[in-house]
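run.txt follows (compact mmCIF, C-alpha atoms and all ligand atoms):
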# COMPACT_ATOMS: atom_id res chain seq x y z
CA MET A 1 18.73 -9.96 16.91
CA ASP A 2 17.81 -9.49 13.24
CA LEU A 3 14.56 -7.74 12.25
CA GLU A 4 12.82 -10.94 11.14
CA SER A 5 13.38 -12.77 14.45
CA TYR A 6 12.63 -9.65 16.49
CA VAL A 7 9.23 -9.17 14.83
CA ALA A 8 8.46 -12.92 14.83
CA GLU A 9 9.02 -13.08 18.59
CA ILE A 10 6.64 -10.20 19.28
CA LEU A 11 3.95 -11.61 16.94
CA ARG A 12 4.28 -15.05 18.57
CA ASP A 13 3.84 -13.48 21.98
CA ILE A 14 0.78 -11.53 20.78
CA ARG A 15 -0.77 -14.73 19.38
CA ARG A 16 -0.08 -16.59 22.63
CA ARG A 17 -1.08 -13.98 25.22
CA GLY A 18 -3.60 -11.95 23.21
CA ILE A 19 -4.81 -8.61 24.54
CA GLU A 20 -2.42 -8.64 27.53
CA ALA A 21 0.56 -8.70 25.14
CA VAL A 22 -0.97 -6.02 22.89
CA LYS A 23 -1.40 -3.77 25.94
CA GLU A 24 2.14 -4.43 27.08
CA TYR A 25 3.73 -3.59 23.69
CA SER A 26 1.53 -0.55 23.32
CA ARG A 27 2.78 0.69 26.70
CA LYS A 28 6.38 -0.13 25.80
CA PHE A 29 6.55 1.28 22.24
CA ASP A 30 3.86 3.99 22.21
CA GLY A 31 3.73 4.90 25.91
CA TYR A 32 -0.01 4.30 25.79
CA GLU A 33 -2.34 2.83 28.41
CA GLY A 34 -6.11 2.96 28.06
CA GLU A 35 -8.95 2.21 25.66
CA PHE A 36 -7.80 1.39 22.13
CA LEU A 37 -11.06 2.25 20.33
CA VAL A 38 -11.46 5.97 19.66
CA SER A 39 -14.68 7.33 21.19
CA GLU A 40 -17.31 9.56 19.60
CA GLU A 41 -16.22 12.41 21.92
CA GLU A 42 -12.64 12.11 20.61
CA PHE A 43 -13.90 12.33 17.00
CA GLU A 44 -15.87 15.45 17.89
CA GLU A 45 -12.99 17.03 19.78
CA ALA A 46 -10.70 16.40 16.78
CA GLU A 47 -13.14 17.96 14.34
CA GLY A 48 -13.32 21.05 16.53
CA GLN A 49 -9.55 21.43 16.30
CA ILE A 50 -9.35 21.55 12.48
CA PRO A 51 -9.47 25.06 10.97
CA GLU A 52 -12.19 25.50 8.33
CA LYS A 53 -9.55 26.27 5.69
CA ASP A 54 -7.89 22.90 6.32
CA LYS A 55 -11.24 21.12 6.09
CA GLU A 56 -11.62 22.56 2.58
CA ILE A 57 -8.06 21.48 1.65
CA ILE A 58 -8.82 17.92 2.79
CA LYS A 59 -12.17 17.74 0.99
CA ARG A 60 -10.69 19.03 -2.27
CA THR A 61 -7.79 16.58 -2.06
CA ILE A 62 -10.17 13.68 -1.44
CA GLU A 63 -12.14 14.74 -4.53
CA ARG A 64 -8.97 14.64 -6.67
CA ILE A 65 -8.03 11.20 -5.32
CA ARG A 66 -11.58 9.96 -5.97
CA PHE A 67 -11.60 11.31 -9.53
CA TYR A 68 -8.37 9.46 -10.37
CA HIS A 69 -9.36 6.17 -8.71
CA GLU A 70 -12.95 5.90 -9.95
CA LYS A 71 -11.60 5.10 -13.41
CA GLN A 72 -9.95 1.94 -12.08
CA LEU A 73 -13.16 0.14 -11.17
CA GLU A 74 -13.62 -2.87 -13.46
CA ASN A 75 -16.88 -4.47 -14.54
CA ASP A 76 -17.56 -8.20 -14.34
CA LYS A 77 -16.25 -9.93 -17.47
CA LEU A 78 -18.68 -12.51 -18.81
CA TYR A 79 -19.14 -14.10 -22.21
CA ILE A 80 -21.62 -16.56 -23.71
CA LYS A 81 -20.53 -19.58 -25.75
CA ASN A 82 -22.74 -22.52 -26.80
CA ALA A 83 -25.47 -21.22 -24.49
CA SER A 84 -23.00 -21.38 -21.56
CA ILE A 85 -21.85 -18.40 -19.48
CA TYR A 86 -18.20 -18.01 -18.48
CA GLY A 87 -16.20 -15.28 -16.82
CA ILE A 88 -14.95 -13.43 -13.79
CA ILE A 89 -17.00 -11.43 -11.32
CA TYR A 90 -15.59 -8.94 -8.82
CA LYS A 91 -16.59 -8.66 -5.16
CA PRO A 92 -15.28 -6.24 -2.53
CA ILE A 93 -13.37 -7.67 0.42
CA ARG A 94 -15.78 -7.61 3.37
CA ARG A 95 -13.55 -6.35 6.17
CA ILE A 96 -10.22 -4.59 5.90
CA GLY A 97 -7.69 -3.02 8.26
CA ILE A 98 -5.85 0.18 7.35
CA TYR A 99 -2.56 1.04 9.03
CA VAL A 100 -1.94 4.79 9.15
CA PRO A 101 1.66 5.65 10.07
CA GLY A 102 2.02 7.69 13.22
CA GLY A 103 5.69 8.26 14.00
CA LYS A 104 5.12 11.30 11.83
CA PRO A 105 1.32 11.13 11.45
CA LEU A 106 0.22 10.89 7.81
CA PRO A 107 -3.48 11.75 7.38
CA SER A 108 -2.85 11.81 3.61
CA THR A 109 -2.24 8.05 3.79
CA LEU A 110 -5.74 7.48 5.16
CA MET A 111 -7.10 9.41 2.16
CA MET A 112 -4.98 7.27 -0.21
CA VAL A 113 -6.24 3.97 1.24
CA GLY A 114 -9.73 4.94 2.40
CA VAL A 115 -10.90 6.51 -0.86
CA PRO A 116 -10.24 3.48 -3.14
CA ALA A 117 -11.60 1.15 -0.43
CA LYS A 118 -14.88 3.06 -0.47
CA ILE A 119 -15.01 3.11 -4.29
CA ALA A 120 -14.56 -0.68 -4.27
CA GLY A 121 -17.48 -1.01 -1.86
CA VAL A 122 -15.67 -2.39 1.21
CA LYS A 123 -18.27 -2.52 4.00
CA GLU A 124 -16.19 -2.76 7.18
CA ILE A 125 -13.04 -0.72 7.73
CA ALA A 126 -10.92 -0.73 10.89
CA VAL A 127 -8.10 1.83 11.14
CA THR A 128 -5.11 1.51 13.44
CA THR A 129 -2.65 4.31 14.08
CA PRO A 130 -0.20 4.93 16.92
CA PRO A 131 -1.26 7.51 19.51
CA LYS A 132 0.95 10.43 20.52
CA ASN A 133 0.54 11.54 24.13
CA GLY A 134 -2.48 9.27 24.29
CA LYS A 135 -4.26 10.83 21.30
CA VAL A 136 -4.77 10.15 17.62
CA ASN A 137 -3.79 12.98 15.29
CA PRO A 138 -6.95 15.11 14.79
CA TYR A 139 -6.47 15.28 10.99
CA VAL A 140 -6.48 11.48 10.82
CA LEU A 141 -9.76 11.41 12.75
CA TYR A 142 -11.25 14.13 10.56
CA VAL A 143 -10.38 12.20 7.38
CA ALA A 144 -11.83 9.01 8.91
CA ARG A 145 -15.07 10.81 9.69
CA LEU A 146 -15.32 12.28 6.17
CA LEU A 147 -14.90 8.78 4.73
CA GLY A 148 -17.52 7.34 7.07
CA ILE A 149 -15.01 5.25 9.04
CA LYS A 150 -16.05 4.87 12.68
CA GLU A 151 -13.69 2.13 13.90
CA VAL A 152 -10.32 3.71 14.70
CA TYR A 153 -7.90 2.15 17.19
CA LYS A 154 -5.03 3.81 19.04
CA LEU A 155 -2.62 1.07 18.11
CA GLY A 156 0.69 1.23 16.27
CA GLY A 157 3.60 -0.85 15.06
CA ILE A 158 3.80 -4.65 15.28
CA GLN A 159 1.04 -4.81 17.90
CA ALA A 160 -1.41 -3.08 15.54
CA ILE A 161 -0.66 -5.54 12.73
CA GLY A 162 -0.95 -8.50 15.14
CA ALA A 163 -4.26 -7.22 16.54
CA MET A 164 -5.78 -6.82 13.05
CA ALA A 165 -4.43 -10.15 11.74
CA TYR A 166 -5.39 -12.32 14.71
CA GLY A 167 -8.51 -10.43 15.80
CA ILE A 168 -7.29 -9.27 19.20
CA GLY A 169 -9.27 -6.44 20.79
CA MET A 170 -11.24 -6.19 17.54
CA LYS A 171 -12.87 -8.40 14.90
CA LYS A 172 -10.21 -10.00 12.67
CA VAL A 173 -9.78 -8.29 9.30
CA ASP A 174 -9.53 -10.10 5.94
CA LYS A 175 -6.74 -7.95 4.49
CA ILE A 176 -4.35 -5.32 5.86
CA PHE A 177 -3.54 -2.17 3.88
CA GLY A 178 -1.24 0.76 4.42
CA PRO A 179 2.44 1.57 4.70
CA GLY A 180 4.67 1.79 7.71
CA ASN A 181 8.21 1.69 9.05
CA LYS A 182 10.44 -1.38 8.92
CA PHE A 183 8.70 -2.99 11.94
CA VAL A 184 5.23 -2.54 10.46
CA ASN A 185 6.33 -3.72 7.04
CA GLU A 186 8.04 -6.85 8.39
CA ALA A 187 5.02 -7.63 10.60
CA LYS A 188 2.74 -7.39 7.55
CA ARG A 189 5.05 -9.74 5.65
CA GLN A 190 4.90 -12.27 8.47
CA VAL A 191 1.10 -12.25 8.97
CA PHE A 192 0.49 -12.82 5.26
CA GLY A 193 -1.48 -16.05 5.00
CA ALA A 194 -3.43 -15.42 8.20
CA VAL A 195 -4.70 -12.35 6.29
CA GLY A 196 -4.02 -10.76 2.92
CA ILE A 197 -1.75 -7.74 2.61
CA ASP A 198 -1.65 -5.02 -0.03
CA SER A 199 2.12 -4.90 -0.66
CA LEU A 200 5.42 -4.38 1.11
CA ALA A 201 5.13 -0.61 1.41
CA GLY A 202 7.99 0.27 3.74
CA PRO A 203 10.35 3.23 4.22
CA SER A 204 10.10 5.74 1.37
CA GLU A 205 12.45 5.79 -1.61
CA ILE A 206 13.15 8.00 -4.59
CA ALA A 207 15.36 7.64 -7.64
CA VAL A 208 15.78 10.52 -10.07
CA ILE A 209 17.08 10.13 -13.60
CA ALA A 210 18.25 13.56 -14.74
CA ASP A 211 20.45 15.03 -17.47
CA GLU A 212 22.20 18.39 -17.84
CA THR A 213 18.88 20.12 -18.75
CA ALA A 214 17.43 19.48 -15.26
CA ASP A 215 17.21 22.28 -12.71
CA LYS A 216 19.67 21.28 -9.97
CA LYS A 217 17.60 22.71 -7.14
CA TYR A 218 14.44 20.86 -8.25
CA VAL A 219 16.34 17.58 -8.32
CA LEU A 220 18.01 18.11 -4.95
CA TYR A 221 14.80 19.01 -3.10
CA ASP A 222 12.95 16.06 -4.61
CA LEU A 223 15.69 13.71 -3.37
CA LEU A 224 15.68 15.30 0.08
CA SER A 225 11.86 15.16 0.27
CA GLN A 226 11.79 11.39 0.60
CA LEU A 227 14.79 11.24 2.94
CA GLU A 228 12.74 13.44 5.27
CA HIS A 229 10.45 10.47 6.04
CA GLY A 230 13.03 8.81 8.25
CA LYS A 231 16.50 7.40 8.59
CA ASP A 232 15.58 4.21 6.68
CA SER A 233 14.51 6.16 3.59
CA LYS A 234 16.65 6.01 0.43
CA ALA A 235 17.49 8.39 -2.43
CA TRP A 236 19.43 7.76 -5.63
CA LEU A 237 20.47 10.21 -8.32
CA LEU A 238 21.18 8.56 -11.68
CA THR A 239 22.65 11.16 -13.98
CA THR A 240 24.76 11.86 -17.02
CA SER A 241 25.67 15.31 -15.69
CA ASN A 242 28.89 15.79 -13.74
CA GLU A 243 27.75 19.14 -12.44
CA LEU A 244 24.44 17.80 -11.13
CA ALA A 245 26.22 14.83 -9.56
CA GLU A 246 28.53 17.14 -7.60
CA TYR A 247 25.67 19.44 -6.57
CA CYS A 248 23.63 16.55 -5.14
CA ARG A 249 26.41 14.77 -3.24
CA ARG A 250 24.88 15.05 0.26
CA ASP A 251 24.34 12.76 3.22
CA GLY A 252 21.92 9.97 2.36
CA ILE A 253 21.93 10.55 -1.42
CA GLU A 254 23.60 7.85 -3.51
CA VAL A 255 24.89 9.45 -6.69
CA VAL A 256 25.52 7.27 -9.76
CA LEU A 257 27.24 8.94 -12.70
CA CYS A 258 26.31 7.14 -15.94
CA GLU A 259 27.65 7.22 -19.51
CA SER A 260 24.16 7.40 -21.05
CA LEU A 261 20.48 7.75 -20.14
CA GLU A 262 20.00 4.10 -21.20
CA GLU A 263 22.50 3.13 -18.50
CA CYS A 264 20.56 5.27 -15.97
CA ALA A 265 17.37 3.43 -16.96
CA GLU A 266 19.02 0.04 -16.48
CA LYS A 267 20.33 1.09 -13.07
CA ALA A 268 16.78 2.16 -12.12
CA ASN A 269 15.48 -1.27 -13.16
CA GLU A 270 18.04 -2.92 -10.85
CA ILE A 271 17.02 -0.71 -7.92
CA ALA A 272 13.25 -0.94 -8.62
CA PRO A 273 12.59 2.23 -6.61
CA GLU A 274 9.28 3.14 -5.05
CA HIS A 275 9.25 6.43 -7.01
CA LEU A 276 11.19 7.20 -10.16
CA GLU A 277 11.36 10.77 -11.44
CA ILE A 278 12.64 11.40 -14.96
CA ILE A 279 13.75 14.98 -15.51
CA THR A 280 15.50 15.00 -18.88
CA GLU A 281 15.13 16.76 -22.21
CA ASN A 282 12.72 14.06 -23.41
CA PRO A 283 11.40 12.20 -20.33
CA MET A 284 8.67 10.35 -22.24
CA GLY A 285 11.36 8.80 -24.44
CA LEU A 286 12.74 6.82 -21.47
CA VAL A 287 9.48 5.36 -20.17
CA GLY A 288 9.68 2.36 -22.52
CA LEU A 289 13.01 1.37 -20.93
CA ILE A 290 11.65 1.21 -17.37
CA ASP A 291 10.30 -2.13 -16.14
CA ASN A 292 10.71 -1.76 -12.39
CA ALA A 293 9.33 1.20 -10.41
CA GLY A 294 6.31 1.72 -8.16
CA ALA A 295 5.52 5.03 -9.87
CA ILE A 296 7.11 7.01 -12.71
CA TYR A 297 6.81 10.80 -12.62
CA LEU A 298 7.87 12.74 -15.70
CA GLY A 299 9.18 16.25 -16.19
CA GLU A 300 9.92 19.23 -13.99
CA TYR A 301 6.41 19.68 -12.62
CA THR A 302 5.71 16.19 -11.31
CA PRO A 303 7.75 16.08 -8.11
CA VAL A 304 7.07 13.18 -5.72
CA PRO A 305 5.60 15.45 -3.00
CA ALA A 306 2.89 16.59 -5.44
CA ALA A 307 2.01 12.91 -5.98
CA ASP A 308 2.24 12.28 -2.22
CA TYR A 309 -0.52 14.81 -1.68
CA PHE A 310 -2.65 16.32 -4.41
CA LEU A 311 -2.27 14.83 -7.90
CA GLY A 312 -4.73 12.09 -7.05
CA VAL A 313 -2.40 9.19 -7.91
CA ASN A 314 -1.89 6.75 -5.06
CA HIS A 315 1.09 7.19 -2.75
CA VAL A 316 1.03 3.67 -1.31
CA LEU A 317 3.79 1.97 -3.28
CA PRO A 318 6.12 -1.03 -3.02
CA THR A 319 9.61 -0.45 -1.58
CA GLY A 320 12.80 -2.43 -0.98
CA GLY A 321 12.86 -3.87 -4.51
CA ALA A 322 9.26 -5.15 -4.23
CA ALA A 323 8.42 -3.05 -7.33
CA LYS A 324 9.98 -5.94 -9.31
CA PHE A 325 6.92 -8.06 -8.53
CA SER A 326 4.20 -5.81 -7.09
CA SER A 327 2.41 -2.58 -7.81
CA VAL A 328 0.90 0.67 -6.69
CA LEU A 329 -2.30 0.42 -4.64
CA THR A 330 -5.46 0.48 -6.79
CA VAL A 331 -9.20 0.05 -6.32
CA MET A 332 -8.89 -3.54 -7.54
CA ASP A 333 -6.68 -4.45 -4.56
CA PHE A 334 -9.84 -4.12 -2.47
CA MET A 335 -11.70 -6.60 -4.64
CA LYS A 336 -11.52 -10.33 -5.18
CA ARG A 337 -11.95 -12.02 -8.53
CA ILE A 338 -14.38 -14.91 -8.51
CA SER A 339 -14.48 -17.33 -11.39
CA LEU A 340 -18.00 -17.99 -12.68
CA ALA A 341 -19.38 -20.62 -15.09
CA TYR A 342 -22.92 -21.79 -16.00
CA VAL A 343 -22.64 -24.61 -18.53
CA SER A 344 -25.41 -25.68 -20.90
CA ARG A 345 -26.33 -29.37 -21.22
CA GLU A 346 -25.42 -29.28 -24.89
CA GLU A 347 -21.90 -28.01 -24.27
CA PHE A 348 -21.31 -30.31 -21.31
CA LEU A 349 -22.29 -33.46 -23.18
CA SER A 350 -20.31 -32.58 -26.31
CA GLU A 351 -17.08 -31.63 -24.51
CA ARG A 352 -17.02 -33.92 -21.48
CA TYR A 353 -14.86 -36.51 -23.25
CA LEU A 354 -11.92 -34.09 -22.61
CA GLY A 355 -12.45 -34.17 -18.83
CA ILE A 356 -13.17 -37.90 -18.75
CA ARG A 357 -9.90 -38.73 -20.51
CA LEU A 358 -7.90 -36.27 -18.34
CA ALA A 359 -9.38 -37.87 -15.19
CA GLU A 360 -8.21 -41.26 -16.52
CA ILE A 361 -4.72 -39.85 -17.15
CA GLU A 362 -4.59 -38.51 -13.58
CA GLY A 363 -6.12 -41.70 -12.15
CA LEU A 364 -8.97 -39.83 -10.43
CA GLU A 365 -11.94 -42.20 -10.66
CA MET A 366 -14.56 -40.08 -8.86
CA HIS A 367 -13.73 -37.10 -11.04
CA LYS A 368 -14.48 -39.28 -14.05
CA ARG A 369 -17.69 -40.62 -12.53
CA SER A 370 -18.94 -37.11 -11.69
CA MET A 371 -18.80 -36.28 -15.38
CA GLU A 372 -20.06 -39.65 -16.63
CA VAL A 373 -23.16 -39.93 -14.43
CA ARG A 374 -24.81 -36.88 -15.97
CA LYS A 375 -27.37 -37.53 -18.72
N1 LIG B 1 5.88 2.95 0.76
C1 LIG B 1 4.86 3.73 0.98
O1 LIG B 1 3.88 3.68 0.25
C2 LIG B 1 4.86 4.70 2.12
C3 LIG B 1 3.85 5.66 2.25
C4 LIG B 1 3.85 6.51 3.36
C5 LIG B 1 4.83 6.36 4.33
N2 LIG B 1 5.80 5.41 4.17
C6 LIG B 1 6.81 5.16 5.20
O2 LIG B 1 6.11 4.80 6.39
C7 LIG B 1 7.00 4.97 7.47
C8 LIG B 1 6.27 5.55 8.65
O3 LIG B 1 7.10 5.36 9.75
P1 LIG B 1 6.86 6.02 11.16
O4 LIG B 1 7.94 5.48 12.04
O5 LIG B 1 6.70 7.47 11.01
O6 LIG B 1 5.45 5.48 11.64
P2 LIG B 1 4.90 3.99 11.87
O7 LIG B 1 3.52 4.17 12.41
O8 LIG B 1 5.10 3.13 10.70
O9 LIG B 1 5.82 3.41 13.03
C9 LIG B 1 5.76 3.88 14.33
C10 LIG B 1 5.53 2.70 15.28
O10 LIG B 1 6.58 1.77 15.20
C11 LIG B 1 6.71 1.09 16.41
N3 LIG B 1 8.12 1.02 16.81
C12 LIG B 1 9.03 2.03 16.80
N4 LIG B 1 10.23 1.57 17.25
C13 LIG B 1 10.05 0.26 17.57
C14 LIG B 1 10.91 -0.75 18.08
N5 LIG B 1 12.20 -0.52 18.37
N6 LIG B 1 10.39 -1.99 18.25
C15 LIG B 1 9.11 -2.26 17.94
N7 LIG B 1 8.26 -1.32 17.46
C16 LIG B 1 8.72 -0.09 17.28
C17 LIG B 1 5.92 1.84 17.45
O11 LIG B 1 4.79 1.10 17.81
C18 LIG B 1 5.51 3.12 16.72
O12 LIG B 1 4.23 3.55 17.06
C19 LIG B 1 8.15 5.84 6.97
O13 LIG B 1 9.28 5.01 6.83
C20 LIG B 1 7.68 6.31 5.60
O14 LIG B 1 8.73 6.49 4.72
C21 LIG B 1 5.81 4.59 3.10
N1 LIG B 2 6.21 9.72 0.23
C1 LIG B 2 5.34 8.80 0.95
C2 LIG B 2 5.32 7.50 0.17
O1 LIG B 2 6.55 6.94 0.15
C3 LIG B 2 3.93 9.32 1.09
C4 LIG B 2 3.75 10.55 1.91
C5 LIG B 2 2.75 10.85 2.78
N2 LIG B 2 2.97 12.08 3.23
C6 LIG B 2 4.04 12.56 2.66
N3 LIG B 2 4.54 11.63 1.85
ZN ZN B 3 6.47 11.67 1.09
For the structure just supplied, provide its representation as structure tokens.
Ligand SMILES: NC(=O)c1ccc[n+]([C@@H]2O[C@H](COP(=O)([O-])OP(=O)(O)OC[C@H]3O[C@@H](n4cnc5c(N)ncnc54)[C@H](O)[C@@H]3O)[C@@H](O)[C@H]2O)c1
Ligand SMILES: N[C@H](CO)Cc1c[nH]c[nH+]1
Ligand SMILES: [Zn+2]
Amino acid sequence: MDLESYVAEILRDIRRRGIEAVKEYSRKFDGYEGEFLVSEEEFEEAEGQIPEKDKEIIKRTIERIRFYHEKQLENDKLYIKNASIYGIIYKPIRRIGIYVPGGKPLPSTLMMVGVPAKIAGVKEIAVTTPPKNGKVNPYVLYVARLLGIKEVYKLGGIQAIGAMAYGIGMKKVDKIFGPGNKFVNEAKRQVFGAVGIDSLAGPSEIAVIADETADKKYVLYDLLSQLEHGKDSKAWLLTTSNELAEYCRRDGIEVVLCESLEECAEKANEIAPEHLEIITENPMGLVGLIDNAGAIYLGEYTPVPAADYFLGVNHVLPTGGAAKFSSVLTVMDFMKRISLAYVSREEFLSERYLGIRLAEIEGLEMHKRSMEVRK
């Protein structure tokens, strides 16, 4: 069965049978039976397991992520014309769900999603993450606690996405955030409409554009870093250097030898990778040629793992070509734009002839009357 039908069948079953189906899939895929909601005692136990040094590492990282993201917050945009007010106001989404991957638990992902959500002012946050041996990773729980998130569920994969989208075993969320494996990503795609989703942030990818000036070892380890996430991850080397191409020919790395850096850039645009590193003599010079990438990292000292963890930039990024039409996670993904207008009598009466005639053209009589009846 293909992935789409496989996931659709499980989601259909979850919609039909509710919590019984969620329990069954949780038992089957995560070997878990028991309460889904993490208890206060579990939060405390987790905190007790984290060494003080690690607590400092996490706090400092959260500060760096906050510093970067605070600058993204936009103000309402209003203007006055003919004594009327027009514009856009921003409101945080009321209730969100965050999926934190758990095959290899990624507490850093909770920092990347939780911090901008808090900056945006989201009031209710539910986190789902798959348990291992019946428990949630203690670092994930510690990060949740630091961010003031109390609702964490031991739920992973398709069943977690179904539970958040349809409100099974928890209050339904308005939008689901966070990356995951191919099952999670496809489930998010399929529940879109019932809820919002951030983007299609699936198995990790990296493309590196490099020339003969690049350090071969730096390039190779950067490529291998993203393959480490799992067998669905992808890595491309786009290079003008024969020597580098030969050095990086390893399992899982697709090497493309190009005639010029312009050709490398065009190849990157076709791939639209999640991450694009440019390690060339003049990396900045190529940025103008790149249209499609989730993130662009320039030079020898901006490897993807640094961005994954401590630079402060967001590591939730579109994959599978979705960077052609979607973007890195930002604070504004947690907010809705609401159109606002307050029209003065003077402006309404002087301009309404436009609306009245357009209503006639569209044959919508009550639209016309609504504008005509006003004095
Ligand atoms: N694009 C991004 O922004 C980004 C960021 C971080 C991580 N990632 C990616 O997230 C992914 C995390 O994957 P992971 O597997 O470690 O954790 P995960 O939590 O996404 O997936 C694990 C869950 O998948 C479900 N599952 C596994 N096999 C299944 C099957 N055969 N049928 C149904 N469900 C099944 C189980 O419920 C399991 O708990 C990686 O691919 C990583 O590259 C992407
Ligand atoms: N590289 C991942 C995004 O594709 C993010 C991550 C989290 N932890 C390590 N890496
Ligand atoms: Zn990574």
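Distances to ligand LIG 2 (chain B) were evaluated for A:Val100, A:Leu78, A:Val191, A:Ala268 using all atoms listed in the file, and the minimum falls at A:Val100.
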Taking all atoms listed in the file and a cut-off of 9 Å, can you tell me which residues surround ligand ZN 3 (chain B), written as an mmCIF file with C-alpha atoms, in the frame of the given file?
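Contents of part.cif, as written:
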data_model
loop_
_atom_site.group_PDB
_atom_site.id
_atom_site.type_symbol
_atom_site.label_atom_id
_atom_site.label_comp_id
_atom_site.auth_asym_id
_atom_site.auth_seq_id
_atom_site.Cartn_x
_atom_site.Cartn_y
_atom_site.Cartn_z
ATOM 1 C CA SER A 204 10.100 5.740 1.370
ATOM 2 C CA GLU A 205 12.450 5.790 -1.610
ATOM 3 C CA SER A 225 11.860 15.160 0.270
ATOM 4 C CA GLN A 226 11.790 11.390 0.600
ATOM 5 C CA LEU A 227 14.790 11.240 2.940
ATOM 6 C CA GLU A 228 12.740 13.440 5.270
ATOM 7 C CA HIS A 229 10.450 10.470 6.040
ATOM 8 C CA VAL A 304 7.070 13.180 -5.720
ATOM 9 C CA PRO A 305 5.600 15.450 -3.000
ATOM 10 C CA ALA A 306 2.890 16.590 -5.440
ATOM 11 C CA ALA A 307 2.010 12.910 -5.980
ATOM 12 C CA ASP A 308 2.240 12.280 -2.220
ATOM 13 C CA TYR A 309 -0.520 14.810 -1.680
ATOM 14 C CA HIS A 315 1.090 7.190 -2.750
#
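With all atoms listed in the file as the basis for measurement, A:Met170 is the residue among A:Val143, A:Met170, A:Leu110, A:Ile93 that approaches Ile19 (chain A) most closely.
When all atoms listed in the file are used to compute distances to ligand LIG 1 (chain B), the closest of the residues A:Met111, A:Ile290, A:Val184, A:Ile197 turns out to be A:Val184.
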Centre and edge lengths of an axis-aligned box around all listed atoms of ligand LIG 1 (chain B), with 5 Å added on each side, are to be given in Å to one decimal, as AutoDock Vina command-line options.
--center_x 7.9 --center_y 2.6 --center_z 9.3 --size_x 18.7 --size_y 19.7 --size_z 28.1
Selection as JSON, numbers by chain: residues within 12 Å of (-14.2, 6.3, 12.3), counting only C-alpha atoms: {"A": [37, 38, 39, 40, 41, 42, 43, 44, 46, 47, 98, 110, 114, 124, 125, 126, 127, 128, 129, 136, 138, 139, 140, 141, 142, 143, 144, 145, 146, 147, 148, 149, 150, 151, 152, 153, 154]}
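Of the listed residues (A:Lys104, A:Lys81, A:Lys23, A:Arg66), A:Lys104 comes nearest to ligand LIG 1 (chain B); the distances count all atoms listed in the file.
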Nearby polymer residues, ligand LIG 1 (chain B), at most 8 Å, all atoms listed in the file, as a ChimeraX atom specification: /A:7,25-26,29-30,99-106,109,129-131,155-160,178-185,200-205,226-227,229-233,274,315-319
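Our summary of the geometry notes that CA of Tyr247 (chain A) is positioned 14.5 Å from CA of Ile209 (chain A).
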Proximity to ligand LIG 2 (chain B) - best of A:Ser108, A:Ser260, A:Thr61, A:Ser84, only C-alpha atoms and all ligand atoms: A:Ser108
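For the pair CA of Ile65 (chain A) and CA of Leu286 (chain A), the interatomic distance is 26.7 Å.
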Among listed residues A:Pro51, A:Gly320, A:Gly134, A:Pro283, nearest ligand LIG 2 (chain B) (using all atoms listed in the file): A:Gly320
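Between CA of Lys217 (chain A) and CA of Leu244 (chain A) the separation is 9.3 Å.
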Contact residues around Ile271 (chain A) with all atoms listed in the file at 9 Å, ignoring same-chain residues under 2 positions, as a PyMOL selection string: chain A and resi 207+266-269+273+292-293+320-321+323-324
Distance query Val343 (chain A) at most 9 Å, all atoms listed in the file, self and fewer than 4 positions along chain excluded, as a PDB file with C-alpha atoms, keeping the file's coordinate frame:
ATOM      1  CA  ASN A  82     -22.740 -22.520 -26.800  1.00  0.00           C
ATOM      2  CA  ALA A  83     -25.470 -21.220 -24.490  1.00  0.00           C
ATOM      3  CA  SER A  84     -23.000 -21.380 -21.560  1.00  0.00           C
ATOM      4  CA  ILE A  85     -21.850 -18.400 -19.480  1.00  0.00           C
ATOM      5  CA  TYR A  86     -18.200 -18.010 -18.480  1.00  0.00           C
ATOM      6  CA  GLU A 347     -21.900 -28.010 -24.270  1.00  0.00           C
ATOM      7  CA  PHE A 348     -21.310 -30.310 -21.310  1.00  0.00           C
TER       8      PHE A 348
END
Polymer residues at most 6 Å from Leu276 (chain A), all atoms listed in the file, same-chain spacing of 3 or more positions, as a ChimeraX atom specification: /A:206-208,296
Test item: residues at most 8 Å from Thr330 (chain A), all atoms listed in the file, excluding those fewer than 4 positions along its chain, as a ChimeraX atom specification: /A:69,72,116,314,334
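Residue neighbourhood of Tyr90 (chain A), excluding near-sequence residues (fewer than 5 positions): Leu73, Glu74, Asn75, Asp76, Lys77, Leu78, Ala120, Gly121, Val122, Val331, Met332, Asp333, Phe334, Met335, Lys336, Arg337, Ile338, Ser339 and Leu340 of chain A, at 12 Å, using all atoms listed in the file.
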Within-12 Å shell of (2.8, 14.4, 29.4) in input frame, all atoms listed in the file, as a PyMOL selection string: chain A and resi 31-32+132-135
What does the file look like for those residues with C-alpha atoms, as a tab-separated table (two decimals), keeping the file's coordinate frame?
chain	number	residue	atom	x	y	z
A	31	GLY	CA	3.73	4.90	25.91
A	32	TYR	CA	-0.01	4.30	25.79
A	132	LYS	CA	0.95	10.43	20.52
A	133	ASN	CA	0.54	11.54	24.13
A	134	GLY	CA	-2.48	9.27	24.29
A	135	LYS	CA	-4.26	10.83	21.30
